[in-house]
Amino acid sequence: MKNKEPIILAVVVFFTLVTYYLVEPYAHHVMHKHVESESFAYADLPAITKTGDAARGQDLVMGAGACVGCHAIEAAGMPAAMEPQMAAASYGVNPPDLSNAGVIYDARFLTDLIKNPAHALKVEHKFDADKGQMHPMVGFYGAGGDIDQEVADMVAYLQSIAVKPEAVTPALAYENACGRCHAMSYENWTQIGTKPKFKHEKDSLAFDIKVLEYQDSIKTYMGKLPPDLSMYIRSRNEQFISTLVENPQNHLAGTAMPRTGVTADTMDKVIEHMKDAGDTKRHKREEVGKTVMIFIVIFALFALLWKKQVWRDLH
């Protein structure tokens, strides 16, 4: 009697794989166009030709560059001039703390951002200077010397005060790259920071009001409220999210979402944070999964031996 079990198993496996492909990878392929990564090289931006001096850069950032007029630099003892909701009412979004800008963002991007924000962020379609549509961030026009050298000095200073790349946590990467526009309720993160645990409800409500005020400004600035990203990693794949952050215009031409200019390493950590938020038990589940697979293999071997023992006289 011919043993047909391997054939039956092969048929089941084949149709299972075909069904999975049609439901998951193929569906994503049809519903979302594939966009190749640009490797976070920002090749469309001018190359860096100068070597910066951090000491001179500090003088520019604190002085002629006027960066601290809008930005906090907590690492240098410079707090924000306004609360986030007040800053958003003035600029559309809260300007980021520059303490770790030198490690979170690509140097080529930072260089162009300082001189021409709308161009670096790829939102010139929204902020056209020729039509009087000025970007909230004022470009740096120089302090009387070689502007390229001055900008290189400013970038060098921002890099010098930033933490080392290995010290950038997934949460820190997310907060800097995405957190001023996108909430992440699963992590208790709002656009103005992590919501504390308040003793009195009135204090909690007061915080919520500040968040709502901030969100109103974001809606006006962006056209709509950017989505909460708690589960975004599970509704979109990593490649989609990575290439969207790298260059939003490649996915959504004309979108108000700016290019953030993060490094490839920062993007990896943003993805890691999104995974942790979207599946809080994923590390534990992966460990349990390995144990279950080992059990299944051992169980299958014993089942096969038992089956041969029971049917040995019939085969």
# chains A, B, ... in the order shown; residues from 1 in each chain; ligands from 1

$ closest_atom_pairs --of "range 34-136 of chain A" --to "range 266-279 of chain A" --cutoff "9 Å" --atoms "only C-alpha atoms" --output "tab-separated table"
residue	atom	partner	partner_atom	distance
A:Val103	CA	A:Thr266	CA	8.2
A:Ile104	CA	A:Thr266	CA	5.9
A:Tyr105	CA	A:Thr266	CA	7.8

$ write_last_selection --atoms "N, CA and C atoms" --output "short mmCIF file (atom, residue, chain, number, x, y, z; two decimals), in the first residue's frame"
data_model
loop_
_atom_site.label_atom_id
_atom_site.label_comp_id
_atom_site.auth_asym_id
_atom_site.auth_seq_id
_atom_site.Cartn_x
_atom_site.Cartn_y
_atom_site.Cartn_z
N VAL A 103 23.18 64.23 16.11
CA VAL A 103 23.27 62.78 15.95
C VAL A 103 21.99 62.21 15.36
N ILE A 104 20.86 62.87 15.60
CA ILE A 104 19.58 62.39 15.08
C ILE A 104 19.46 62.65 13.58
N TYR A 105 19.91 63.82 13.15
CA TYR A 105 19.74 64.23 11.76
C TYR A 105 21.04 64.14 10.97
#

$ residues_around --residues "Gln58 in chain A" --least-positions-apart "6" --cutoff "9 Å" --atoms "only C-alpha atoms" --output "PyMOL selection string"
chain A and resi 153-154+156-158

$ residues_around --residues "range 212-223 of chain A" --least-positions-apart "6" --cutoff "9 Å" --atoms "only C-alpha atoms" --output "VMD selection string"
chain A and resid 84 to 94 181 191 to 192 255 to 257

$ write_last_selection --atoms "C-alpha atoms" --output "compact mmCIF listing (two decimals), in the first residue's frame"
# COMPACT_ATOMS: atom_id res chain seq x y z
CA PRO A 84 4.99 73.66 23.31
CA GLN A 85 1.38 74.75 22.72
CA MET A 86 2.40 78.41 22.66
CA ALA A 87 5.28 77.69 20.28
CA ALA A 88 2.96 75.73 18.00
CA ALA A 89 0.52 78.64 17.96
CA SER A 90 3.38 80.85 16.75
CA TYR A 91 5.18 78.51 14.34
CA GLY A 92 2.64 75.80 13.53
CA VAL A 93 4.69 73.17 15.34
CA ASN A 94 6.96 73.23 18.36
CA CYS A 181 3.55 65.85 15.18
CA GLN A 191 2.75 65.83 20.86
CA ILE A 192 3.87 67.88 23.86
CA THR A 255 1.82 66.07 1.10
CA ALA A 256 2.40 68.60 3.86
CA MET A 257 4.48 66.04 5.76

$ residues_around --residues "Val168 in chain A" --least-positions-apart "2" --cutoff "10 Å" --atoms "only C-alpha atoms" --output "MDAnalysis selection string"
chainID A and resid 100 103:104 162:166 170:174 265:266 269

$ write_last_selection --atoms "N, CA and C atoms" --output "PDB file, in the first residue's frame"
ATOM      1  N   ASN A 100      20.319  67.051  20.638  1.00  0.00           N
ATOM      2  CA  ASN A 100      20.805  65.861  19.941  1.00  0.00           C
ATOM      3  C   ASN A 100      20.577  65.917  18.438  1.00  0.00           C
ATOM      4  N   VAL A 103      23.182  64.235  16.111  1.00  0.00           N
ATOM      5  CA  VAL A 103      23.268  62.782  15.954  1.00  0.00           C
ATOM      6  C   VAL A 103      21.989  62.206  15.356  1.00  0.00           C
ATOM      7  N   ILE A 104      20.863  62.870  15.605  1.00  0.00           N
ATOM      8  CA  ILE A 104      19.576  62.389  15.079  1.00  0.00           C
ATOM      9  C   ILE A 104      19.465  62.647  13.583  1.00  0.00           C
ATOM     10  N   ALA A 162      25.894  66.652  21.072  1.00  0.00           N
ATOM     11  CA  ALA A 162      24.952  65.530  21.032  1.00  0.00           C
ATOM     12  C   ALA A 162      25.543  64.300  21.723  1.00  0.00           C
ATOM     13  N   VAL A 163      24.677  63.416  22.166  1.00  0.00           N
ATOM     14  CA  VAL A 163      25.134  62.155  22.742  1.00  0.00           C
ATOM     15  C   VAL A 163      25.738  61.294  21.642  1.00  0.00           C
ATOM     16  N   LYS A 164      26.465  60.257  22.023  1.00  0.00           N
ATOM     17  CA  LYS A 164      27.029  59.335  21.055  1.00  0.00           C
ATOM     18  C   LYS A 164      25.904  58.538  20.383  1.00  0.00           C
ATOM     19  N   PRO A 165      26.085  58.122  19.132  1.00  0.00           N
ATOM     20  CA  PRO A 165      25.027  57.379  18.438  1.00  0.00           C
ATOM     21  C   PRO A 165      24.506  56.180  19.214  1.00  0.00           C
ATOM     22  N   GLU A 166      25.395  55.473  19.906  1.00  0.00           N
ATOM     23  CA  GLU A 166      24.973  54.283  20.647  1.00  0.00           C
ATOM     24  C   GLU A 166      24.120  54.643  21.868  1.00  0.00           C
ATOM     25  N   PRO A 170      15.656  54.064  21.217  1.00  0.00           N
ATOM     26  CA  PRO A 170      14.527  54.105  20.286  1.00  0.00           C
ATOM     27  C   PRO A 170      13.507  55.186  20.642  1.00  0.00           C
ATOM     28  N   ALA A 171      13.231  55.353  21.937  1.00  0.00           N
ATOM     29  CA  ALA A 171      12.269  56.377  22.356  1.00  0.00           C
ATOM     30  C   ALA A 171      12.777  57.773  22.030  1.00  0.00           C
ATOM     31  N   LEU A 172      14.068  58.039  22.275  1.00  0.00           N
ATOM     32  CA  LEU A 172      14.646  59.350  21.983  1.00  0.00           C
ATOM     33  C   LEU A 172      14.611  59.632  20.486  1.00  0.00           C
ATOM     34  N   ALA A 173      14.916  58.609  19.687  1.00  0.00           N
ATOM     35  CA  ALA A 173      14.882  58.770  18.232  1.00  0.00           C
ATOM     36  C   ALA A 173      13.475  59.128  17.766  1.00  0.00           C
ATOM     37  N   TYR A 174      12.479  58.427  18.298  1.00  0.00           N
ATOM     38  CA  TYR A 174      11.095  58.688  17.904  1.00  0.00           C
ATOM     39  C   TYR A 174      10.660  60.092  18.323  1.00  0.00           C
ATOM     40  N   ASP A 265      20.585  55.150  10.906  1.00  0.00           N
ATOM     41  CA  ASP A 265      20.603  54.553  12.243  1.00  0.00           C
ATOM     42  C   ASP A 265      19.431  55.056  13.080  1.00  0.00           C
ATOM     43  N   THR A 266      19.136  56.344  12.975  1.00  0.00           N
ATOM     44  CA  THR A 266      17.987  56.900  13.690  1.00  0.00           C
ATOM     45  C   THR A 266      16.699  56.255  13.216  1.00  0.00           C
ATOM     46  N   LYS A 269      16.060  52.953  14.719  1.00  0.00           N
ATOM     47  CA  LYS A 269      15.612  53.039  16.113  1.00  0.00           C
ATOM     48  C   LYS A 269      14.163  53.525  16.205  1.00  0.00           C
TER      49      LYS A 269
END

$ closest_residue --among "A:Gly193, A:His34, A:Ala129, A:Phe15" --to "Asn237 in chain A" --atoms "only C-alpha atoms"
A:His34

$ select_by_dssp --residues "range 185-281 of chain A" --states "strand (DSSP E)" --output "PyMOL selection string"
chain A and resi 189-190+193-194

$ atom_distance --atom1 "CA of Glu201 in chain A" --atom2 "CA of Asp228 in chain A"
23.7 Å

$ atom_distance --atom1 "CA of Ser160 in chain A" --atom2 "CA of Leu60 in chain A"
14.1 Å

$ residues_around --residues "Ser39 in chain A" --least-positions-apart "4" --cutoff "10 Å" --atoms "only C-alpha atoms" --output "list in words"
Ala43, Ser242, Thr243, Glu246, Thr263 and Ala264 of chain A

$ write_last_selection --atoms "N, CA and C atoms" --output "PDB file, in the first residue's frame"
ATOM      1  N   ALA A  43      21.015  62.645  -1.469  1.00  0.00           N
ATOM      2  CA  ALA A  43      21.856  62.993  -2.616  1.00  0.00           C
ATOM      3  C   ALA A  43      21.355  64.220  -3.366  1.00  0.00           C
ATOM      4  N   SER A 242       9.769  53.428   6.448  1.00  0.00           N
ATOM      5  CA  SER A 242      11.121  53.954   6.305  1.00  0.00           C
ATOM      6  C   SER A 242      11.239  54.880   5.090  1.00  0.00           C
ATOM      7  N   THR A 243      10.724  54.443   3.951  1.00  0.00           N
ATOM      8  CA  THR A 243      10.818  55.273   2.744  1.00  0.00           C
ATOM      9  C   THR A 243       9.888  56.478   2.808  1.00  0.00           C
ATOM     10  N   GLU A 246      11.825  58.925   4.895  1.00  0.00           N
ATOM     11  CA  GLU A 246      12.989  59.357   4.125  1.00  0.00           C
ATOM     12  C   GLU A 246      12.629  60.431   3.115  1.00  0.00           C
ATOM     13  N   THR A 263      19.100  60.159  10.127  1.00  0.00           N
ATOM     14  CA  THR A 263      20.089  59.217   9.612  1.00  0.00           C
ATOM     15  C   THR A 263      19.470  57.827   9.511  1.00  0.00           C
ATOM     16  N   ALA A 264      20.141  56.922   8.814  1.00  0.00           N
ATOM     17  CA  ALA A 264      19.652  55.543   8.686  1.00  0.00           C
ATOM     18  C   ALA A 264      19.591  54.871  10.055  1.00  0.00           C
TER      19      ALA A 264
END

$ residues_around --residues "His71 in chain A" --least-positions-apart "4" --cutoff "8 Å" --atoms "only C-alpha atoms" --output "list of chain:residue names"
A:Cys67, A:Ala80, A:Ala81, A:Pro95, A:Pro96, A:Asp97, A:Leu98

$ atom_distance --atom1 "CA of Pro136 in chain A" --atom2 "CA of Ile48 in chain A"
24.7 Å

$ closest_residue --among "A:Pro226, A:Met137, A:Ile147, A:Ala183" --to "Leu121 in chain A" --atoms "only C-alpha atoms"
A:Met137

$ select_by_dssp --residues "range 242-292 of chain A" --states "helix (DSSP H, G or I)" --output "VMD selection string"
chain A and resid 242 to 246 248 to 251 264 to 278 282 to 292

$ decode --residues "range 91-176 of chain A" --atoms "C-alpha atoms" --output "short mmCIF file (atom, residue, chain, number, x, y, z; two decimals), in the first residue's frame"
data_model
loop_
_atom_site.label_atom_id
_atom_site.label_comp_id
_atom_site.auth_asym_id
_atom_site.auth_seq_id
_atom_site.Cartn_x
_atom_site.Cartn_y
_atom_site.Cartn_z
CA TYR A 91 5.18 78.51 14.34
CA GLY A 92 2.64 75.80 13.53
CA VAL A 93 4.69 73.17 15.34
CA ASN A 94 6.96 73.23 18.36
CA PRO A 95 10.59 73.79 17.23
CA PRO A 96 12.73 70.84 18.37
CA ASP A 97 15.29 70.87 21.14
CA LEU A 98 18.66 70.91 19.37
CA SER A 99 20.55 69.01 22.06
CA ASN A 100 20.81 65.86 19.94
CA ALA A 101 20.15 67.28 16.49
CA GLY A 102 23.75 66.54 15.54
CA VAL A 103 23.27 62.78 15.95
CA ILE A 104 19.58 62.39 15.08
CA TYR A 105 19.74 64.23 11.76
CA ASP A 106 22.05 63.79 8.80
CA ALA A 107 24.80 66.41 8.53
CA ARG A 108 24.04 67.08 4.86
CA PHE A 109 20.40 67.64 5.75
CA LEU A 110 21.23 69.92 8.68
CA THR A 111 23.52 71.99 6.49
CA ASP A 112 20.80 72.65 3.92
CA LEU A 113 18.12 73.03 6.60
CA ILE A 114 19.98 75.92 8.22
CA LYS A 115 20.25 77.77 4.91
CA ASN A 116 17.00 76.81 3.20
CA PRO A 117 14.44 75.05 5.46
CA ALA A 118 11.67 74.61 2.89
CA HIS A 119 14.10 73.04 0.41
CA ALA A 120 15.68 70.64 2.90
CA LEU A 121 12.27 69.59 4.22
CA LYS A 122 10.88 69.24 0.67
CA VAL A 123 7.89 71.49 1.34
CA GLU A 124 8.62 74.20 -1.22
CA HIS A 125 5.26 73.45 -2.81
CA LYS A 126 3.68 74.65 0.45
CA PHE A 127 6.07 77.47 1.30
CA ASP A 128 6.88 79.41 -1.89
CA ALA A 129 8.92 82.49 -0.98
CA ASP A 130 8.16 84.07 -4.38
CA LYS A 131 4.48 84.05 -3.42
CA GLY A 132 5.12 85.37 0.05
CA GLN A 133 4.57 81.96 1.64
CA MET A 134 7.46 81.96 4.06
CA HIS A 135 8.47 78.91 6.07
CA PRO A 136 8.18 79.46 9.84
CA MET A 137 11.89 78.71 10.23
CA VAL A 138 13.93 81.63 8.90
CA GLY A 139 16.93 80.62 6.84
CA PHE A 140 20.43 81.66 7.93
CA TYR A 141 21.86 84.30 5.58
CA GLY A 142 25.33 84.43 7.06
CA ALA A 143 27.18 86.49 9.63
CA GLY A 144 29.41 88.39 7.23
CA GLY A 145 31.90 85.68 6.36
CA ASP A 146 31.90 82.53 4.22
CA ILE A 147 28.35 81.27 4.76
CA ASP A 148 29.25 77.67 3.90
CA GLN A 149 32.01 77.71 6.51
CA GLU A 150 29.72 79.33 9.07
CA VAL A 151 27.02 76.70 8.53
CA ALA A 152 29.64 73.93 8.76
CA ASP A 153 30.75 75.42 12.08
CA MET A 154 27.17 75.42 13.37
CA VAL A 155 26.66 71.79 12.38
CA ALA A 156 29.97 70.87 14.03
CA TYR A 157 28.80 72.47 17.26
CA LEU A 158 25.48 70.60 17.21
CA GLN A 159 27.38 67.35 16.64
CA SER A 160 29.77 68.12 19.50
CA ILE A 161 27.02 68.54 22.13
CA ALA A 162 24.95 65.53 21.03
CA VAL A 163 25.13 62.16 22.74
CA LYS A 164 27.03 59.33 21.05
CA PRO A 165 25.03 57.38 18.44
CA GLU A 166 24.97 54.28 20.65
CA ALA A 167 23.34 56.34 23.42
CA VAL A 168 20.35 57.25 21.26
CA THR A 169 17.48 55.10 22.50
CA PRO A 170 14.53 54.11 20.29
CA ALA A 171 12.27 56.38 22.36
CA LEU A 172 14.65 59.35 21.98
CA ALA A 173 14.88 58.77 18.23
CA TYR A 174 11.09 58.69 17.90
CA GLU A 175 10.52 61.77 20.06
CA ASN A 176 12.97 63.82 18.00
#
